[in-house]
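Shown below: coords26.pdb, with PDB, C-alpha atoms, pLDDT in the B column.
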MODEL        1
ATOM      1  CA  MET A   1     113.119  83.305  99.203  1.00 69.00           C
ATOM      2  CA  LEU A   2     113.440  86.857  97.844  1.00 72.00           C
ATOM      3  CA  TYR A   3     115.943  87.746 100.537  1.00 80.00           C
ATOM      4  CA  SER A   4     118.134  84.674 100.039  1.00 83.00           C
ATOM      5  CA  ASN A   5     117.912  84.682  96.220  1.00 83.00           C
ATOM      6  CA  VAL A   6     118.129  88.395  95.418  1.00 84.00           C
ATOM      7  CA  ILE A   7     118.691  90.765  98.321  1.00 86.00           C
ATOM      8  CA  GLU A   8     121.409  88.900 100.237  1.00 89.00           C
ATOM      9  CA  PRO A   9     123.518  88.148  97.130  1.00 91.00           C
ATOM     10  CA  TYR A  10     123.155  91.775  95.977  1.00 89.00           C
ATOM     11  CA  ILE A  11     124.268  93.094  99.373  1.00 91.00           C
ATOM     12  CA  ARG A  12     127.126  90.606  99.641  1.00 94.00           C
ATOM     13  CA  ILE A  13     128.501  91.203  96.143  1.00 94.00           C
ATOM     14  CA  THR A  14     128.125  94.982  96.430  1.00 92.00           C
ATOM     15  CA  ALA A  15     129.900  95.032  99.798  1.00 92.00           C
ATOM     16  CA  GLN A  16     132.661  92.563  98.942  1.00 96.00           C
ATOM     17  CA  HIS A  17     133.233  93.405  95.272  1.00 96.00           C
ATOM     18  CA  PRO A  18     131.910  96.919  94.606  1.00 93.00           C
ATOM     19  CA  ASP A  19     134.038  97.274  91.459  1.00 96.00           C
ATOM     20  CA  GLN A  20     132.773  94.036  89.927  1.00 96.00           C
ATOM     21  CA  THR A  21     130.688  94.403  86.771  1.00 96.00           C
ATOM     22  CA  ALA A  22     126.982  94.550  87.532  1.00 95.00           C
ATOM     23  CA  ALA A  23     125.708  95.457  84.056  1.00 95.00           C
ATOM     24  CA  ARG A  24     126.729  96.128  80.481  1.00 96.00           C
ATOM     25  CA  ILE A  25     124.402  98.530  78.719  1.00 96.00           C
ATOM     26  CA  ASP A  26     124.993  99.922  75.233  1.00 94.00           C
ATOM     27  CA  GLY A  27     128.717  99.239  75.438  1.00 95.00           C
ATOM     28  CA  GLN A  28     129.067 100.832  78.885  1.00 96.00           C
ATOM     29  CA  VAL A  29     130.242  98.759  81.836  1.00 97.00           C
ATOM     30  CA  TYR A  30     128.798  99.532  85.271  1.00 96.00           C
ATOM     31  CA  SER A  31     129.947  98.313  88.673  1.00 95.00           C
ATOM     32  CA  TYR A  32     127.896  97.265  91.665  1.00 93.00           C
ATOM     33  CA  ALA A  33     129.011 100.482  93.382  1.00 92.00           C
ATOM     34  CA  GLN A  34     127.590 102.561  90.517  1.00 93.00           C
ATOM     35  CA  LEU A  35     124.362 100.586  90.648  1.00 93.00           C
ATOM     36  CA  ALA A  36     124.034 101.113  94.414  1.00 91.00           C
ATOM     37  CA  GLN A  37     124.680 104.848  93.962  1.00 89.00           C
ATOM     38  CA  ARG A  38     121.642 105.001  91.711  1.00 91.00           C
ATOM     39  CA  VAL A  39     119.381 102.667  93.715  1.00 90.00           C
ATOM     40  CA  ALA A  40     119.638 104.628  96.985  1.00 88.00           C
ATOM     41  CA  PRO A  41     118.268 108.020  95.789  1.00 89.00           C
ATOM     42  CA  ILE A  42     115.401 106.299  93.981  1.00 91.00           C
ATOM     43  CA  MET A  43     114.542 104.401  97.166  1.00 89.00           C
ATOM     44  CA  ASN A  44     114.543 107.707  99.065  1.00 87.00           C
ATOM     45  CA  GLU A  45     112.142 109.257  96.558  1.00 89.00           C
ATOM     46  CA  LEU A  46     109.880 106.206  96.587  1.00 90.00           C
ATOM     47  CA  ASP A  47     109.726 106.497 100.384  1.00 88.00           C
ATOM     48  CA  ALA A  48     108.799 110.168 100.121  1.00 89.00           C
ATOM     49  CA  MET A  49     106.077 109.455  97.537  1.00 92.00           C
ATOM     50  CA  SER A  50     104.515 106.596  99.556  1.00 90.00           C
ATOM     51  CA  LEU A  51     103.710 104.681  96.380  1.00 89.00           C
ATOM     52  CA  LYS A  52     102.320 101.170  96.161  1.00 90.00           C
ATOM     53  CA  TRP A  53     102.855 100.906  92.374  1.00 92.00           C
ATOM     54  CA  ALA A  54     105.150 102.774  89.989  1.00 93.00           C
ATOM     55  CA  GLY A  55     105.567 102.733  86.249  1.00 93.00           C
ATOM     56  CA  ILE A  56     109.159 102.770  84.990  1.00 93.00           C
ATOM     57  CA  VAL A  57     109.994 103.845  81.457  1.00 95.00           C
ATOM     58  CA  MET A  58     112.651 101.326  80.474  1.00 93.00           C
ATOM     59  CA  LYS A  59     115.483 102.847  78.487  1.00 95.00           C
ATOM     60  CA  PRO A  60     118.899 101.241  78.025  1.00 95.00           C
ATOM     61  CA  ASP A  61     120.272 103.020  81.088  1.00 95.00           C
ATOM     62  CA  LEU A  62     121.594 101.837  84.451  1.00 95.00           C
ATOM     63  CA  THR A  63     119.120 104.099  86.217  1.00 94.00           C
ATOM     64  CA  ALA A  64     116.161 102.200  84.770  1.00 94.00           C
ATOM     65  CA  CYS A  65     117.631  98.946  86.091  1.00 94.00           C
ATOM     66  CA  ALA A  66     118.265 100.635  89.443  1.00 94.00           C
ATOM     67  CA  ALA A  67     114.610 101.668  89.586  1.00 94.00           C
ATOM     68  CA  LEU A  68     113.522  98.037  89.305  1.00 92.00           C
ATOM     69  CA  LEU A  69     115.717  97.153  92.281  1.00 93.00           C
ATOM     70  CA  ALA A  70     114.633 100.238  94.229  1.00 91.00           C
ATOM     71  CA  CYS A  71     110.993  99.282  93.786  1.00 91.00           C
ATOM     72  CA  LEU A  72     111.699  95.699  94.810  1.00 91.00           C
ATOM     73  CA  PHE A  73     113.630  96.771  97.920  1.00 90.00           C
ATOM     74  CA  ASN A  74     110.904  99.284  98.870  1.00 89.00           C
ATOM     75  CA  GLY A  75     107.995  96.904  98.352  1.00 89.00           C
ATOM     76  CA  VAL A  76     106.669  98.984  95.455  1.00 92.00           C
ATOM     77  CA  VAL A  77     105.119  97.087  92.565  1.00 92.00           C
ATOM     78  CA  ALA A  78     107.209  97.941  89.489  1.00 93.00           C
ATOM     79  CA  VAL A  79     105.507  98.182  86.106  1.00 93.00           C
ATOM     80  CA  PRO A  80     108.192  98.317  83.387  1.00 93.00           C
ATOM     81  CA  LEU A  81     106.999 100.235  80.356  1.00 93.00           C
ATOM     82  CA  PRO A  82     108.797 100.231  76.997  1.00 92.00           C
ATOM     83  CA  ALA A  83     110.291 103.594  76.098  1.00 93.00           C
ATOM     84  CA  THR A  84     108.672 103.291  72.672  1.00 92.00           C
ATOM     85  CA  LEU A  85     105.180 102.891  74.122  1.00 89.00           C
ATOM     86  CA  PRO A  86     102.782 105.404  72.551  1.00 90.00           C
ATOM     87  CA  ASP A  87     101.507 108.036  74.986  1.00 92.00           C
ATOM     88  CA  ASP A  88      97.870 106.970  74.654  1.00 92.00           C
ATOM     89  CA  LEU A  89      98.712 103.354  75.510  1.00 92.00           C
ATOM     90  CA  ARG A  90     100.875 104.414  78.462  1.00 90.00           C
ATOM     91  CA  LEU A  91      98.036 106.606  79.729  1.00 92.00           C
ATOM     92  CA  ARG A  92      95.602 103.686  79.401  1.00 92.00           C
ATOM     93  CA  ILE A  93      97.923 101.382  81.357  1.00 94.00           C
ATOM     94  CA  CYS A  94      98.330 104.052  84.044  1.00 92.00           C
ATOM     95  CA  GLN A  95      94.574 104.396  84.362  1.00 93.00           C
ATOM     96  CA  GLU A  96      93.875 100.659  84.351  1.00 93.00           C
ATOM     97  CA  LEU A  97      96.571  99.896  86.940  1.00 93.00           C
ATOM     98  CA  GLU A  98      95.949 103.150  88.842  1.00 90.00           C
ATOM     99  CA  LEU A  99      99.620 104.134  88.583  1.00 90.00           C
ATOM    100  CA  GLN A 100     100.184 107.383  90.428  1.00 89.00           C
ATOM    101  CA  GLU A 101     103.700 107.864  89.093  1.00 92.00           C
ATOM    102  CA  VAL A 102     105.691 106.934  86.011  1.00 94.00           C
ATOM    103  CA  LEU A 103     109.403 107.268  86.591  1.00 93.00           C
ATOM    104  CA  THR A 104     111.600 108.250  83.676  1.00 92.00           C
ATOM    105  CA  VAL A 105     115.367 107.941  83.446  1.00 91.00           C
ATOM    106  CA  GLU A 106     115.628 111.726  83.215  1.00 91.00           C
ATOM    107  CA  ARG A 107     113.575 112.208  86.367  1.00 88.00           C
ATOM    108  CA  MET A 108     115.590 109.590  88.260  1.00 86.00           C
ATOM    109  CA  HIS A 109     118.865 111.208  87.143  1.00 82.00           C
ATOM    110  CA  TYR A 110     117.518 114.305  88.863  1.00 83.00           C
ATOM    111  CA  TYR A 111     117.129 112.294  92.105  1.00 81.00           C
ATOM    112  CA  TYR A 112     120.764 111.265  91.818  1.00 75.00           C
ATOM    113  CA  ARG A 113     121.932 114.845  91.173  1.00 78.00           C
ATOM    114  CA  MET A 114     119.799 116.164  94.041  1.00 79.00           C
ATOM    115  CA  THR A 115     121.367 113.677  96.453  1.00 72.00           C
ATOM    116  CA  PHE A 116     124.779 115.113  95.566  1.00 66.00           C
ATOM    117  CA  GLU A 117     123.518 118.691  95.739  1.00 69.00           C
ATOM    118  CA  ASP A 118     121.818 118.095  99.095  1.00 69.00           C
ATOM    119  CA  ALA A 119     125.004 116.645 100.524  1.00 61.00           C
ATOM    120  CA  PHE A 120     127.078 119.493  99.099  1.00 64.00           C
ATOM    121  CA  CYS A 121     124.661 122.138 100.408  1.00 68.00           C
ATOM    122  CA  ARG A 122     124.982 120.700 103.900  1.00 61.00           C
ATOM    123  CA  ILE A 123     128.727 121.181 103.602  1.00 63.00           C
ATOM    124  CA  ASP A 124     128.458 124.618 101.972  1.00 67.00           C
ATOM    125  CA  ASN A 125     125.630 126.086 104.047  1.00 68.00           C
ATOM    126  CA  GLY A 126     127.755 128.823 105.676  1.00 66.00           C
ATOM    127  CA  LEU A 127     126.322 128.100 109.121  1.00 68.00           C
ATOM    128  CA  TYR A 128     129.650 127.239 110.708  1.00 65.00           C
ATOM    129  CA  HIS A 129     130.787 128.508 114.044  1.00 74.00           C
ATOM    130  CA  PHE A 130     134.138 127.334 115.352  1.00 72.00           C
ATOM    131  CA  GLU A 131     136.220 128.505 118.274  1.00 79.00           C
ATOM    132  CA  GLU A 132     139.995 128.362 117.829  1.00 76.00           C
ATOM    133  CA  GLY A 133     140.391 126.322 121.017  1.00 84.00           C
ATOM    134  CA  GLN A 134     137.632 123.902 120.021  1.00 80.00           C
ATOM    135  CA  LEU A 135     138.565 120.232 119.897  1.00 79.00           C
ATOM    136  CA  ALA A 136     138.010 118.874 116.362  1.00 75.00           C
ATOM    137  CA  GLY A 137     139.384 115.355 116.653  1.00 75.00           C
ATOM    138  CA  MET A 138     141.738 113.003 118.403  1.00 80.00           C
ATOM    139  CA  ARG A 139     144.723 111.424 116.657  1.00 80.00           C
ATOM    140  CA  CYS A 140     145.829 108.030 117.966  1.00 77.00           C
ATOM    141  CA  GLN A 141     149.488 107.130 117.729  1.00 83.00           C
ATOM    142  CA  PHE A 142     150.439 103.475 118.120  1.00 82.00           C
ATOM    143  CA  GLY A 143     153.769 102.355 119.507  1.00 88.00           C
ATOM    144  CA  SER A 144     155.610  99.149 118.649  1.00 91.00           C
ATOM    145  CA  ALA A 145     154.922  97.645 122.097  1.00 88.00           C
ATOM    146  CA  GLY A 146     151.160  98.124 121.799  1.00 83.00           C
ATOM    147  CA  GLU A 147     151.013 101.428 123.623  1.00 88.00           C
ATOM    148  CA  VAL A 148     148.637 104.094 122.423  1.00 81.00           C
ATOM    149  CA  SER A 149     149.044 107.816 122.854  1.00 83.00           C
ATOM    150  CA  TYR A 150     146.366 110.358 122.097  1.00 81.00           C
ATOM    151  CA  HIS A 151     146.948 113.735 120.532  1.00 87.00           C
ATOM    152  CA  PRO A 152     144.174 116.311 120.370  1.00 84.00           C
ATOM    153  CA  VAL A 153     143.572 118.117 117.099  1.00 82.00           C
ATOM    154  CA  TYR A 154     142.100 121.577 117.492  1.00 85.00           C
ATOM    155  CA  ILE A 155     140.383 123.853 115.023  1.00 80.00           C
ATOM    156  CA  GLN A 156     143.443 126.119 114.805  1.00 83.00           C
ATOM    157  CA  ASP A 157     145.522 123.092 113.724  1.00 83.00           C
ATOM    158  CA  TYR A 158     143.699 123.204 110.387  1.00 74.00           C
ATOM    159  CA  LEU A 159     145.100 126.610 109.620  1.00 66.00           C
TER     160      LEU A 159
ENDMDL
END

Take the structure in this file and express it as structure tokens.
Amino acid sequence: MLYSNVIEPYIRITAQHPDQTAARIDGQVYSYAQLAQRVAPIMNELDAMSLKWAGIVMKPDLTACAALLACLFNGVVAVPLPATLPDDLRLRICQELELQEVLTVERMHYYYRMTFEDAFCRIDNGLYHFEEGQLAGMRCQFGSAGEVSYHPVYIQDYL
């Protein structure tokens, strides 16, 4: 039921119509692509934390909505907490429900930024070693009669 009512439609709409509006929050319009970009890093962090339950401070922000989906997709019990909840009441809820983590929008924005930085660091790590004669790719050229010719692209071709 969850798959057919929530997960499958989310996947289908995101894949087929990534620019379609997924949410309107405080006058901002967000697409399914933007939502997916926020869900994925939160899912990665939830995996790393091995949580069963997580509190989520709910602010009017796409990232808070993404956290609800990330928890759902990861099998983590989400406990939405109002942003205006007094600290003592939040602490009591955390103790009573044995919440190990309370995710805030600010913290989850960090996950998103770190995903970008991790990807960029892999590109900018300085650990490259290329030989000029090294094959880098193969370009396919298609003729009008269905013939295909292949043209190697070497490292020195990028110069």

Taking every listed atom of range 152-158 of chain A and adding 4 Å to each side, what centre and edge lengths in Å (one decimal) does the axis-aligned box have, as AutoDock Vina command-line options?
--center_x 143.0 --center_y 121.2 --center_z 115.4 --size_x 13.1 --size_y 17.8 --size_z 18.0

*Of the candidates A:Met114, A:Ala33, A:Ile25, A:Val102, which shows the shortest atom-to-atom distance to Tyr10 in chain A, using all atoms listed in the file?*
A:Ala33

Quick check on the file I pasted: which residues fall under the PyMOL selection byres ((chain A and resi 61) around 12)? Write them as a PDB file with C-alpha atoms, keeping the file's coordinate frame.
ATOM      1  CA  ALA A  23     125.708  95.457  84.056  1.00 95.00           C
ATOM      2  CA  ARG A  24     126.729  96.128  80.481  1.00 96.00           C
ATOM      3  CA  ILE A  25     124.402  98.530  78.719  1.00 96.00           C
ATOM      4  CA  ASP A  26     124.993  99.922  75.233  1.00 94.00           C
ATOM      5  CA  GLY A  27     128.717  99.239  75.438  1.00 95.00           C
ATOM      6  CA  GLN A  28     129.067 100.832  78.885  1.00 96.00           C
ATOM      7  CA  VAL A  29     130.242  98.759  81.836  1.00 97.00           C
ATOM      8  CA  TYR A  30     128.798  99.532  85.271  1.00 96.00           C
ATOM      9  CA  GLN A  34     127.590 102.561  90.517  1.00 93.00           C
ATOM     10  CA  LEU A  35     124.362 100.586  90.648  1.00 93.00           C
ATOM     11  CA  ARG A  38     121.642 105.001  91.711  1.00 91.00           C
ATOM     12  CA  ILE A  56     109.159 102.770  84.990  1.00 93.00           C
ATOM     13  CA  VAL A  57     109.994 103.845  81.457  1.00 95.00           C
ATOM     14  CA  MET A  58     112.651 101.326  80.474  1.00 93.00           C
ATOM     15  CA  LYS A  59     115.483 102.847  78.487  1.00 95.00           C
ATOM     16  CA  PRO A  60     118.899 101.241  78.025  1.00 95.00           C
ATOM     17  CA  LEU A  62     121.594 101.837  84.451  1.00 95.00           C
ATOM     18  CA  THR A  63     119.120 104.099  86.217  1.00 94.00           C
ATOM     19  CA  ALA A  64     116.161 102.200  84.770  1.00 94.00           C
ATOM     20  CA  CYS A  65     117.631  98.946  86.091  1.00 94.00           C
ATOM     21  CA  ALA A  66     118.265 100.635  89.443  1.00 94.00           C
ATOM     22  CA  ALA A  67     114.610 101.668  89.586  1.00 94.00           C
ATOM     23  CA  LEU A  68     113.522  98.037  89.305  1.00 92.00           C
ATOM     24  CA  ALA A  83     110.291 103.594  76.098  1.00 93.00           C
ATOM     25  CA  THR A 104     111.600 108.250  83.676  1.00 92.00           C
ATOM     26  CA  VAL A 105     115.367 107.941  83.446  1.00 91.00           C
ATOM     27  CA  GLU A 106     115.628 111.726  83.215  1.00 91.00           C
ATOM     28  CA  MET A 108     115.590 109.590  88.260  1.00 86.00           C
ATOM     29  CA  HIS A 109     118.865 111.208  87.143  1.00 82.00           C
TER      30      HIS A 109
END

_12 Å contact set for Cys94 in chain A, all atoms listed in the file, chain neighbours under 4 positions out, as an NGL selection string_ = :A and (53-57 or 79-81 or 87-90 or 98-103)

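Taken over the whole file, the PyMOL selection byres ((chain A and resi 157) around 12) covers exactly A:Glu131, A:Glu132, A:Gly133, A:Gln134, A:Leu135, A:Ala136, A:Gly137, A:Met138, A:His151, A:Pro152, A:Val153, A:Tyr154, A:Ile155, A:Gln156, A:Tyr158, A:Leu159.
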
_Atom-to-atom span, CA of Asn5 in chain A and CA of Lys52 in chain A, Å_ =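 Spanning CA of Asn5 in chain A to CA of Lys52 in chain A is a straight-line distance of 22.7 Å.
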